[in-house]
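K.L.:
Just so it is clear, I am handing over protein.cif, which has mmCIF, C-alpha atoms.
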data_work
#
loop_
_atom_site.group_PDB
_atom_site.id
_atom_site.type_symbol
_atom_site.label_atom_id
_atom_site.label_comp_id
_atom_site.auth_asym_id
_atom_site.auth_seq_id
_atom_site.Cartn_x
_atom_site.Cartn_y
_atom_site.Cartn_z
ATOM 1 C CA MET J 1 -47.999 -94.784 51.271
ATOM 2 C CA ASN J 2 -44.440 -94.391 49.967
ATOM 3 C CA THR J 3 -45.796 -94.042 46.447
ATOM 4 C CA PHE J 4 -48.048 -91.269 47.663
ATOM 5 C CA TYR J 5 -45.163 -89.309 49.227
ATOM 6 C CA LEU J 6 -42.973 -89.807 46.172
ATOM 7 C CA HIS J 7 -45.702 -88.671 43.795
ATOM 8 C CA SER J 8 -46.529 -85.616 45.923
ATOM 9 C CA ALA J 9 -42.874 -84.562 45.981
ATOM 10 C CA LEU J 10 -42.445 -85.151 42.245
ATOM 11 C CA SER J 11 -45.549 -83.228 41.245
ATOM 12 C CA PHE J 12 -44.691 -80.407 43.669
ATOM 13 C CA ILE J 13 -41.221 -79.997 42.117
ATOM 14 C CA ALA J 14 -42.647 -80.207 38.603
ATOM 15 C CA ALA J 15 -45.357 -77.660 39.355
ATOM 16 C CA TYR J 16 -42.765 -75.335 40.920
ATOM 17 C CA LEU J 17 -40.497 -75.569 37.881
ATOM 18 C CA ILE J 18 -43.379 -75.042 35.430
ATOM 19 C CA THR J 19 -44.905 -72.024 37.187
ATOM 20 C CA HIS J 20 -41.508 -70.342 37.719
ATOM 21 C CA ARG J 21 -40.360 -70.415 34.068
ATOM 22 C CA ASP J 22 -39.016 -67.021 33.043
ATOM 23 C CA PRO J 23 -41.546 -66.071 30.406
ATOM 24 C CA PRO J 24 -44.452 -67.433 32.435
ATOM 25 C CA PRO J 25 -46.400 -70.010 30.394
ATOM 26 C CA LEU J 26 -49.430 -69.602 32.650
ATOM 27 C CA PRO J 27 -50.645 -66.686 34.770
ATOM 28 C CA TYR J 28 -48.897 -66.858 38.163
ATOM 29 C CA ASN J 29 -51.547 -67.454 40.823
ATOM 30 C CA ALA J 30 -52.708 -70.091 43.250
ATOM 31 C CA PHE J 31 -55.313 -71.665 40.978
ATOM 32 C CA THR J 32 -53.007 -72.373 38.066
ATOM 33 C CA ALA J 33 -50.387 -73.742 40.454
ATOM 34 C CA ALA J 34 -52.944 -76.034 42.082
ATOM 35 C CA PHE J 35 -54.249 -77.068 38.667
ATOM 36 C CA VAL J 36 -50.744 -77.942 37.414
ATOM 37 C CA PHE J 37 -49.980 -79.849 40.631
ATOM 38 C CA LEU J 38 -53.212 -81.839 40.496
ATOM 39 C CA SER J 39 -52.928 -82.688 36.807
ATOM 40 C CA ILE J 40 -49.365 -83.979 37.227
ATOM 41 C CA PHE J 41 -50.472 -85.936 40.297
ATOM 42 C CA TRP J 42 -53.372 -87.389 38.308
ATOM 43 C CA MET J 43 -51.086 -88.475 35.467
ATOM 44 C CA LEU J 44 -48.703 -90.143 37.926
ATOM 45 C CA TRP J 45 -51.706 -91.887 39.509
ATOM 46 C CA LEU J 46 -52.721 -93.241 36.097
ATOM 47 C CA THR J 47 -49.263 -94.782 35.600
ATOM 48 C CA THR J 48 -49.544 -96.732 38.874
ATOM 49 C CA TYR J 49 -52.010 -99.056 37.124
ATOM 50 C CA PHE J 50 -48.967 -100.866 35.741
ATOM 51 C CA TYR J 51 -46.813 -101.227 38.848
ATOM 52 C CA ASN J 52 -48.863 -100.547 42.008
ATOM 53 C CA ARG J 53 -52.414 -101.787 41.592
ATOM 54 C CA VAL J 54 -53.260 -101.371 45.302
ATOM 55 C CA TYR J 55 -52.456 -97.662 45.245
ATOM 56 C CA PHE J 56 -54.427 -97.288 42.020
ATOM 57 C CA ARG J 57 -57.522 -98.742 43.689
ATOM 58 C CA LYS J 58 -57.133 -96.898 46.996
ATOM 59 C CA MET J 59 -56.863 -93.328 45.677
ATOM 60 C CA PRO J 60 -60.561 -92.923 44.650
ATOM 61 C CA LYS J 61 -61.573 -94.326 48.034
ATOM 62 C CA VAL J 62 -59.379 -91.769 49.803
ATOM 63 C CA ILE J 63 -61.008 -88.949 47.861
ATOM 64 C CA ALA J 64 -64.529 -90.296 48.478
ATOM 65 C CA PHE J 65 -63.777 -90.650 52.186
ATOM 66 C CA GLY J 66 -62.424 -87.089 52.357
ATOM 67 C CA ALA J 67 -65.492 -85.712 50.591
ATOM 68 C CA PHE J 68 -67.813 -87.665 52.893
ATOM 69 C CA PHE J 69 -65.901 -86.403 55.928
ATOM 70 C CA ILE J 70 -66.114 -82.745 54.829
ATOM 71 C CA LYS J 71 -69.840 -83.112 54.098
ATOM 72 C CA GLU J 72 -70.401 -84.656 57.530
ATOM 73 C CA LEU J 73 -68.321 -81.896 59.190
ATOM 74 C CA ILE J 74 -70.375 -79.085 57.657
ATOM 75 C CA VAL J 75 -73.808 -80.710 58.103
ATOM 76 C CA ALA J 76 -73.185 -81.574 61.757
ATOM 77 C CA ASN J 77 -71.755 -78.115 62.450
ATOM 78 C CA LEU J 78 -74.912 -76.552 61.035
ATOM 79 C CA LYS J 79 -76.980 -78.843 63.258
ATOM 80 C CA ILE J 80 -75.120 -77.716 66.388
ATOM 81 C CA ALA J 81 -75.316 -74.079 65.289
ATOM 82 C CA PHE J 82 -79.096 -74.447 64.891
ATOM 83 C CA ASP J 83 -79.344 -75.956 68.358
ATOM 84 C CA ILE J 84 -77.305 -73.128 69.864
ATOM 85 C CA VAL J 85 -79.266 -70.340 68.221
ATOM 86 C CA THR J 86 -82.767 -71.644 68.947
ATOM 87 C CA PRO J 87 -83.903 -71.425 72.576
ATOM 88 C CA HIS J 88 -84.905 -75.076 73.097
ATOM 89 C CA PHE J 89 -82.223 -77.796 73.418
ATOM 90 C CA TYR J 90 -82.844 -80.604 70.929
ATOM 91 C CA MET J 91 -79.846 -82.601 72.075
ATOM 92 C CA ARG J 92 -79.988 -85.814 74.093
ATOM 93 C CA PRO J 93 -76.381 -86.455 75.099
ATOM 94 C CA THR J 94 -75.353 -90.069 75.485
ATOM 95 C CA VAL J 95 -72.108 -91.837 76.236
ATOM 96 C CA ILE J 96 -71.874 -94.867 73.953
ATOM 97 C CA ALA J 97 -69.442 -97.760 74.221
ATOM 98 C CA PHE J 98 -68.317 -98.356 70.665
ATOM 99 C CA PRO J 99 -66.788 -101.816 70.057
ATOM 100 C CA LEU J 100 -63.602 -101.309 68.059
ATOM 101 C CA ALA J 101 -62.757 -103.419 65.041
ATOM 102 C CA ALA J 102 -59.537 -101.418 64.625
ATOM 103 C CA LYS J 103 -56.697 -103.115 66.425
ATOM 104 C CA THR J 104 -53.440 -101.214 65.889
ATOM 105 C CA ASP J 105 -52.612 -97.964 67.668
ATOM 106 C CA LEU J 106 -52.498 -95.973 64.435
ATOM 107 C CA GLU J 107 -55.985 -97.033 63.400
ATOM 108 C CA ILE J 108 -57.466 -96.306 66.817
ATOM 109 C CA THR J 109 -55.795 -92.889 66.911
ATOM 110 C CA LEU J 110 -57.028 -91.965 63.448
ATOM 111 C CA LEU J 111 -60.539 -93.205 64.179
ATOM 112 C CA SER J 112 -60.811 -91.299 67.453
ATOM 113 C CA CYS J 113 -59.429 -88.149 65.801
ATOM 114 C CA ILE J 114 -62.007 -88.362 63.023
ATOM 115 C CA ILE J 115 -64.784 -89.027 65.522
ATOM 116 C CA SER J 116 -63.660 -86.065 67.618
ATOM 117 C CA LEU J 117 -63.542 -83.786 64.571
ATOM 118 C CA THR J 118 -67.074 -84.646 63.524
ATOM 119 C CA PRO J 119 -69.274 -82.319 65.576
ATOM 120 C CA GLY J 120 -71.655 -83.923 68.013
ATOM 121 C CA THR J 121 -69.335 -86.788 68.860
ATOM 122 C CA LEU J 122 -66.330 -86.604 71.159
ATOM 123 C CA SER J 123 -64.141 -89.574 71.989
ATOM 124 C CA ILE J 124 -63.493 -89.722 75.722
ATOM 125 C CA ASP J 125 -61.389 -92.801 76.428
ATOM 126 C CA VAL J 126 -60.289 -96.208 75.213
ATOM 127 C CA SER J 127 -60.687 -99.148 77.543
ATOM 128 C CA GLU J 128 -57.459 -100.731 78.695
ATOM 129 C CA ASP J 129 -57.704 -103.788 76.461
ATOM 130 C CA LYS J 130 -58.321 -101.549 73.392
ATOM 131 C CA GLU J 131 -61.686 -103.190 72.763
ATOM 132 C CA VAL J 132 -64.099 -100.348 73.435
ATOM 133 C CA LEU J 133 -64.025 -96.664 72.591
ATOM 134 C CA TYR J 134 -66.200 -94.429 74.761
ATOM 135 C CA ILE J 135 -67.822 -91.680 72.729
ATOM 136 C CA HIS J 136 -69.848 -88.751 74.022
ATOM 137 C CA ALA J 137 -72.537 -88.082 71.411
ATOM 138 C CA LEU J 138 -74.926 -85.145 71.432
ATOM 139 C CA TYR J 139 -77.620 -86.243 69.014
ATOM 140 C CA VAL J 140 -79.042 -89.721 69.465
ATOM 141 C CA LYS J 141 -82.333 -89.900 67.588
ATOM 142 C CA GLY J 142 -85.033 -91.481 69.751
ATOM 143 C CA ASN J 143 -82.422 -92.961 72.115
ATOM 144 C CA ASP J 144 -81.437 -95.414 69.336
ATOM 145 C CA ILE J 145 -77.818 -96.128 70.277
ATOM 146 C CA GLU J 146 -77.432 -99.055 67.871
ATOM 147 C CA HIS J 147 -78.312 -96.862 64.901
ATOM 148 C CA LEU J 148 -75.569 -94.394 65.797
ATOM 149 C CA LYS J 149 -73.064 -97.217 66.247
ATOM 150 C CA HIS J 150 -73.930 -98.599 62.826
ATOM 151 C CA LYS J 151 -73.549 -95.133 61.351
ATOM 152 C CA ILE J 152 -70.070 -94.701 62.829
ATOM 153 C CA LYS J 153 -69.081 -98.228 61.855
ATOM 154 C CA ASP J 154 -70.213 -97.981 58.229
ATOM 155 C CA GLY J 155 -69.335 -94.344 57.708
ATOM 156 C CA PHE J 156 -65.943 -94.037 59.371
ATOM 157 C CA GLU J 157 -64.450 -97.265 60.637
ATOM 158 C CA ARG J 158 -64.907 -99.571 57.638
ATOM 159 C CA PRO J 159 -63.444 -97.148 55.025
ATOM 160 C CA LEU J 160 -60.598 -96.324 57.399
ATOM 161 C CA LEU J 161 -59.723 -99.992 57.889
ATOM 162 C CA GLU J 162 -59.883 -100.566 54.142
ATOM 163 C CA LEU J 163 -57.453 -97.702 53.618
ATOM 164 C CA THR J 164 -54.931 -98.557 56.320
ATOM 165 C CA SER J 165 -54.803 -102.301 55.724
ATOM 166 C CA MET H 1 -63.744 -64.686 28.258
ATOM 167 C CA LEU H 2 -63.980 -63.087 31.657
ATOM 168 C CA GLN H 3 -62.300 -59.740 32.031
ATOM 169 C CA ASP H 4 -59.563 -59.221 34.599
ATOM 170 C CA TYR H 5 -61.824 -56.893 36.552
ATOM 171 C CA GLU H 6 -64.625 -59.448 36.799
ATOM 172 C CA LEU H 7 -62.233 -62.152 38.003
ATOM 173 C CA GLN H 8 -61.070 -59.786 40.735
ATOM 174 C CA VAL H 9 -64.655 -59.185 41.861
ATOM 175 C CA ILE H 10 -65.482 -62.914 41.888
ATOM 176 C CA LYS H 11 -62.361 -63.628 43.921
ATOM 177 C CA GLU H 12 -63.204 -60.953 46.476
ATOM 178 C CA VAL H 13 -66.812 -62.085 46.814
ATOM 179 C CA VAL H 14 -65.853 -65.746 47.303
ATOM 180 C CA SER H 15 -63.189 -64.952 49.898
ATOM 181 C CA CYS H 16 -65.583 -62.562 51.652
ATOM 182 C CA VAL H 17 -68.299 -65.222 51.874
ATOM 183 C CA LEU H 18 -65.839 -67.803 53.219
ATOM 184 C CA ILE H 19 -64.384 -65.472 55.849
ATOM 185 C CA LEU H 20 -67.814 -64.305 56.992
ATOM 186 C CA GLY H 21 -69.004 -67.911 57.189
ATOM 187 C CA GLY H 22 -65.992 -68.852 59.299
ATOM 188 C CA VAL H 23 -66.486 -65.898 61.642
ATOM 189 C CA THR H 24 -70.175 -66.768 61.999
ATOM 190 C CA PHE H 25 -69.369 -70.371 62.879
ATOM 191 C CA MET H 26 -66.855 -69.267 65.518
ATOM 192 C CA PHE H 27 -69.299 -66.718 66.935
ATOM 193 C CA ILE H 28 -72.090 -69.294 67.223
ATOM 194 C CA ALA H 29 -69.681 -71.768 68.806
ATOM 195 C CA THR H 30 -68.753 -69.143 71.396
ATOM 196 C CA ILE H 31 -72.422 -68.544 72.214
ATOM 197 C CA GLY H 32 -72.722 -72.305 72.616
ATOM 198 C CA LEU H 33 -69.826 -72.238 75.054
ATOM 199 C CA LEU H 34 -71.864 -69.900 77.235
ATOM 200 C CA ARG H 35 -75.256 -71.561 76.741
ATOM 201 C CA PHE H 36 -74.689 -75.300 76.915
ATOM 202 C CA PRO H 37 -75.431 -77.075 80.190
ATOM 203 C CA ASP H 38 -72.333 -79.138 81.016
ATOM 204 C CA PHE H 39 -68.626 -79.393 80.340
ATOM 205 C CA TYR H 40 -68.772 -82.086 77.642
ATOM 206 C CA THR H 41 -71.424 -80.455 75.482
ATOM 207 C CA ARG H 42 -69.500 -77.195 75.713
ATOM 208 C CA MET H 43 -66.359 -78.975 74.575
ATOM 209 C CA SER H 44 -68.276 -80.420 71.627
ATOM 210 C CA ALA H 45 -69.560 -77.007 70.651
ATOM 211 C CA ILE H 46 -66.339 -75.027 70.925
ATOM 212 C CA THR H 47 -63.665 -77.353 69.532
ATOM 213 C CA LYS H 48 -65.473 -78.280 66.334
ATOM 214 C CA GLY H 49 -67.005 -74.914 65.622
ATOM 215 C CA SER H 50 -63.710 -73.135 66.030
ATOM 216 C CA SER H 51 -61.688 -75.607 63.957
ATOM 217 C CA LEU H 52 -64.139 -75.377 61.061
ATOM 218 C CA GLY H 53 -64.221 -71.580 61.467
ATOM 219 C CA VAL H 54 -60.425 -71.335 61.343
ATOM 220 C CA GLY H 55 -60.383 -73.536 58.245
ATOM 221 C CA LEU H 56 -62.917 -71.398 56.406
ATOM 222 C CA ILE H 57 -61.206 -68.117 57.357
ATOM 223 C CA LEU H 58 -57.815 -69.369 56.219
ATOM 224 C CA ILE H 59 -59.166 -70.677 52.898
ATOM 225 C CA GLY H 60 -60.807 -67.312 52.314
ATOM 226 C CA LEU H 61 -57.470 -65.644 53.049
ATOM 227 C CA GLY H 62 -55.633 -67.889 50.594
ATOM 228 C CA ILE H 63 -58.182 -67.188 47.849
ATOM 229 C CA TYR H 64 -57.986 -63.456 48.515
ATOM 230 C CA PHE H 65 -54.199 -63.242 48.138
ATOM 231 C CA ASN H 66 -54.139 -65.838 45.348
ATOM 232 C CA GLN H 67 -50.426 -66.669 45.607
ATOM 233 C CA PRO H 68 -49.197 -70.290 45.449
ATOM 234 C CA ASP H 69 -46.860 -69.955 48.449
ATOM 235 C CA ILE H 70 -49.537 -68.412 50.677
ATOM 236 C CA MET H 71 -52.006 -71.105 49.602
ATOM 237 C CA LEU H 72 -49.482 -73.796 50.536
ATOM 238 C CA LYS H 73 -48.918 -72.303 53.989
ATOM 239 C CA VAL H 74 -52.677 -71.979 54.510
ATOM 240 C CA LEU H 75 -53.217 -75.639 53.647
ATOM 241 C CA ALA H 76 -50.400 -76.643 56.007
ATOM 242 C CA ILE H 77 -51.928 -74.619 58.862
ATOM 243 C CA ILE H 78 -55.342 -76.217 58.249
ATOM 244 C CA ALA H 79 -53.828 -79.704 58.199
ATOM 245 C CA PHE H 80 -51.984 -79.154 61.495
ATOM 246 C CA THR H 81 -55.047 -77.602 63.151
ATOM 247 C CA PHE H 82 -57.179 -80.554 62.123
ATOM 248 C CA ILE H 83 -54.596 -82.991 63.463
ATOM 249 C CA THR H 84 -54.014 -81.308 66.829
ATOM 250 C CA ALA H 85 -57.506 -80.024 67.755
ATOM 251 C CA PRO H 86 -59.111 -83.453 68.301
ATOM 252 C CA VAL H 87 -56.129 -84.680 70.305
ATOM 253 C CA ALA H 88 -56.442 -81.707 72.645
ATOM 254 C CA ALA H 89 -60.216 -82.186 72.901
ATOM 255 C CA HIS H 90 -59.790 -85.867 73.699
ATOM 256 C CA VAL H 91 -57.198 -85.240 76.408
ATOM 257 C CA ILE H 92 -59.267 -82.488 78.022
ATOM 258 C CA ALA H 93 -62.409 -84.650 77.986
ATOM 259 C CA ARG H 94 -60.601 -87.578 79.572
ATOM 260 C CA THR H 95 -59.092 -85.341 82.237
ATOM 261 C CA ALA H 96 -62.568 -83.994 82.971
ATOM 262 C CA VAL H 97 -63.920 -87.510 83.460
ATOM 263 C CA ARG H 98 -61.005 -88.387 85.715
ATOM 264 C CA ASN H 99 -61.600 -85.231 87.751
ATOM 265 C CA ARG H 100 -65.293 -86.099 88.164
ATOM 266 C CA SER H 101 -66.646 -83.234 86.157
ATOM 267 C CA PRO H 102 -70.425 -83.820 86.288
ATOM 268 C CA PHE H 103 -72.550 -84.752 83.285
ATOM 269 C CA TRP H 104 -75.784 -83.010 82.411
ATOM 270 C CA SER H 105 -78.737 -84.582 84.236
ATOM 271 C CA LYS H 106 -80.364 -85.647 80.926
ATOM 272 C CA THR H 107 -77.261 -87.499 79.756
ATOM 273 C CA ASN H 108 -77.764 -91.213 79.098
ATOM 274 C CA LEU H 109 -74.860 -92.901 80.907
ATOM 275 C CA LYS H 110 -76.053 -96.518 80.663
ATOM 276 C CA GLU H 111 -73.149 -97.728 78.547
ATOM 277 C CA PHE H 112 -70.572 -95.691 80.457
ATOM 278 C CA LYS H 113 -71.345 -97.290 83.829
ATOM 279 C CA PRO H 114 -68.831 -100.168 83.601
ATOM 280 C CA TYR H 115 -66.019 -97.699 82.953
ATOM 281 C CA LEU H 116 -67.034 -95.439 85.825
ATOM 282 C CA ASP H 117 -67.370 -98.385 88.208
ATOM 283 C CA LYS H 118 -63.985 -99.691 87.190
ATOM 284 C CA GLU H 119 -62.255 -96.353 87.688
ATOM 285 C CA HIS H 120 -64.152 -95.610 90.950
ATOM 286 C CA LEU H 121 -65.702 -92.467 89.568
ATOM 287 C CA GLU H 122 -69.258 -93.013 90.792
ATOM 288 C CA LYS H 123 -69.703 -89.381 91.683
ATOM 289 C CA VAL H 124 -69.793 -88.385 88.015
ATOM 290 C CA LYS H 125 -72.962 -90.315 87.339
ATOM 291 C CA ASN H 126 -75.639 -87.891 88.354
ATOM 292 C CA HIS H 127 -75.407 -84.158 88.151
ATOM 293 C CA ASP H 128 -77.932 -83.418 90.884
ATOM 294 C CA MET H 129 -76.584 -86.007 93.303
ATOM 295 C CA TYR H 130 -73.122 -84.553 92.854
ATOM 296 C CA ARG H 131 -74.367 -81.056 93.492
ATOM 297 C CA ALA H 132 -76.181 -82.049 96.704
ATOM 298 C CA GLU H 133 -73.066 -83.838 97.916
ATOM 299 C CA ALA H 134 -70.842 -80.868 97.126
ATOM 300 C CA GLU H 135 -73.155 -78.523 98.999
ATOM 301 C CA ALA H 136 -73.133 -80.868 101.990
ATOM 302 C CA GLN H 137 -69.339 -80.879 101.917
ATOM 303 C CA VAL H 138 -69.222 -77.090 101.806
ATOM 304 C CA GLU H 139 -71.505 -76.924 104.811
ATOM 305 C CA GLN H 140 -69.400 -79.394 106.751
ATOM 306 C CA LYS H 141 -66.058 -77.826 105.932
ATOM 307 C CA PRO H 142 -66.191 -74.727 108.180
ATOM 308 C CA ASN H 143 -66.835 -76.936 111.224
ATOM 309 C CA GLY H 144 -64.076 -79.352 110.372
ATOM 310 C CA GLY H 145 -61.667 -76.548 109.527
ATOM 311 C CA GLY H 146 -62.342 -74.758 112.800
ATOM 312 C CA ASP H 147 -61.024 -77.606 114.882
ATOM 313 C CA THR H 148 -57.723 -77.874 113.074
#
Can you present the structure in this file as C-alpha cells?
P.N.:
Amino acid sequence: MNTFYLHSALSFIAAYLITHRDPPPLPYNAFTAAFVFLSIFWMLWLTTYFYNRVYFRKMPKVIAFGAFFIKELIVANLKIAFDIVTPHFYMRPTVIAFPLAAKTDLEITLLSCIISLTPGTLSIDVSEDKEVLYIHALYVKGNDIEHLKHKIKDGFERPLLELTS
Amino acid sequence: MLQDYELQVIKEVVSCVLILGGVTFMFIATIGLLRFPDFYTRMSAITKGSSLGVGLILIGLGIYFNQPDIMLKVLAIIAFTFITAPVAAHVIARTAVRNRSPFWSKTNLKEFKPYLDKEHLEKVKNHDMYRAEAEAQVEQKPNGGGDT
C-alpha cells in the first residue's frame, strides 16, 4: 500500500514537471497528461519486480477487479433501467444472509460498500458477531439464493480478501 | 494524421454521448423512484442509478474541457461520490429496517427472519399484515384520544 502511494506521488510530480516545461514537449491536454502519468507509473511498477514482489503480483489483480466491477456496475444498471421502463416487474426481491469470510472491519466495510454500489444488491446490516451480512437483492433467478451467494463470494469477496491480505 | 478540427469533433461527440447517457440513467432512476413498490427497491434504484449518472456526466465534462487539472478534480469527485454513496444508502436502509418500514409483499424474507426476531421487529415481515394493523390503529386512535 505504501509503495502504491509513493509511486502515485512520484509519477504525479514527474508528469506535472514534464507537461509544464516551457517549450511544451507534448500538447497540453488531459490525455497526454494521463498518458505520461500512466507510463511513468507503469515503469515504476516494473521496477518493483526486484524489491517488492507482492506489489508486483497484486497490481494486475487490482486492475482486473476494477474492470470487473465497472462491467458489473453498467450491466446491472441496464438491467434495472429495463425493469423500470417496461410495465411488468421482473424483480423478485429477497433478503439473503451472506456468511462473511472477511473478518476485519476494513474488509467488511469495503465489501459492503462494493455490494451496495452494485445495482440490485443493497447491504442492510451486519449481525453483531460480524458473521453474517444481510443483503437486500432485487434479482434472484428462480429463487436460487445459493447461486447468488456463490456469485458474490467468487466475484467480490475472494478477490477483495486476496488484495487486502 | 487527424486534423485539429476532426479531433475537436470527436471530443465533442464522445463527451456528448457520455453526458446524455448519464442524464438518461438519472432520469430512469428517478422514474424508478416513483414506480417501485417499496422503500428498499426504491433505494436500490435511486442510489445506484444516480451515482453512475453523476460519474458519466462528470467524465463527459472532463473530456469536453480536456485540461489536466479539471480531469484530476473530476476523478476526485467521482472517487468521493463512490465512497460516500453506499455508506449513506446502507445507513438509510438500516434505519428503515429499525423503523419497521414494510417490505413489498412479494419479498422473500426467509433468511432475514432470525434478525427480525432478534431485534423484535416482527411487524416488518408482511406488508399487508402491517397495513391492516396500521388501519386498525388509526381507527382506534380517535376513541382513545377523545378520553384523554
K.L.:
When you get a sec, could you note down which chain J residues fall within 7 Å of chain H, using only C-alpha atoms, as a list in words?
P.N.:
Asn29, Ala30, Ala33, Asn77, Ala81, Ile84, Arg92, Pro93, Thr94, Val95, Ile96, Ala97, Cys113, Ser116, Leu117, Pro119, Gly120, Leu122, Ser123, Ile124 and Asp125 of chain J
K.L.:
I'd like the interatomic distance between atom CA of Val54 of chain J and atom CA of His7 of chain J, to a tenth of an Å.
P.N.:
14.9 Å
K.L.:
When the PyMOL selection byres ((chain J and resi 102) around 12) is applied to the file above, which residues end up in the set, as a ChimeraX atom specification?
P.N.:
/J:98-101,103-112,126,130-133,153,156-165
K.L.:
Using Å and a single decimal, report how far atom CA of Glu6 of chain H sits from atom CA of Pro24 of chain J.
P.N.:
22.1 Å
K.L.:
One decimal, Å: what's the distance from atom CA of Ser11 of chain J over to atom CA of Leu58 of chain H, could you say?
P.N.:
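Separation between atom CA of Ser11 of chain J and atom CA of Leu58 of chain H: 23.8 Å.
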K.L.:
Which residue out of H:Gly21, H:Asp4, H:Cys16, H:Lys11 has the minimum interatomic distance to Leu78 of chain J when all atoms listed in the file are used?
P.N.:
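Using all atoms listed in the file, Leu78 of chain J sits closest to H:Gly21.
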K.L.:
Which of these, J:Phe82, J:Phe50, J:Phe56, J:Phe37, has the shortest distance to Ile13 of chain J once you count all atoms listed in the file?
P.N.:
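Selected residue with least distance to Ile13 of chain J: J:Phe37.
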K.L.:
Take the point (-76.5, -84.9, 64.2) in the file's coordinates, draw a sphere of radius 8 Å around it, and report as a ChimeraX atom specification every protein, DNA or RNA residue with an atom inside or on it, counting all atoms listed in the file.
P.N.:
/J:75-76,79-80,119-120,138-140
K.L.:
Which residue, J:Val36, J:Arg53, J:Pro60, J:Lys141, has the smallest gap to Leu17 of chain J when you use only C-alpha atoms?
P.N.:
J:Val36
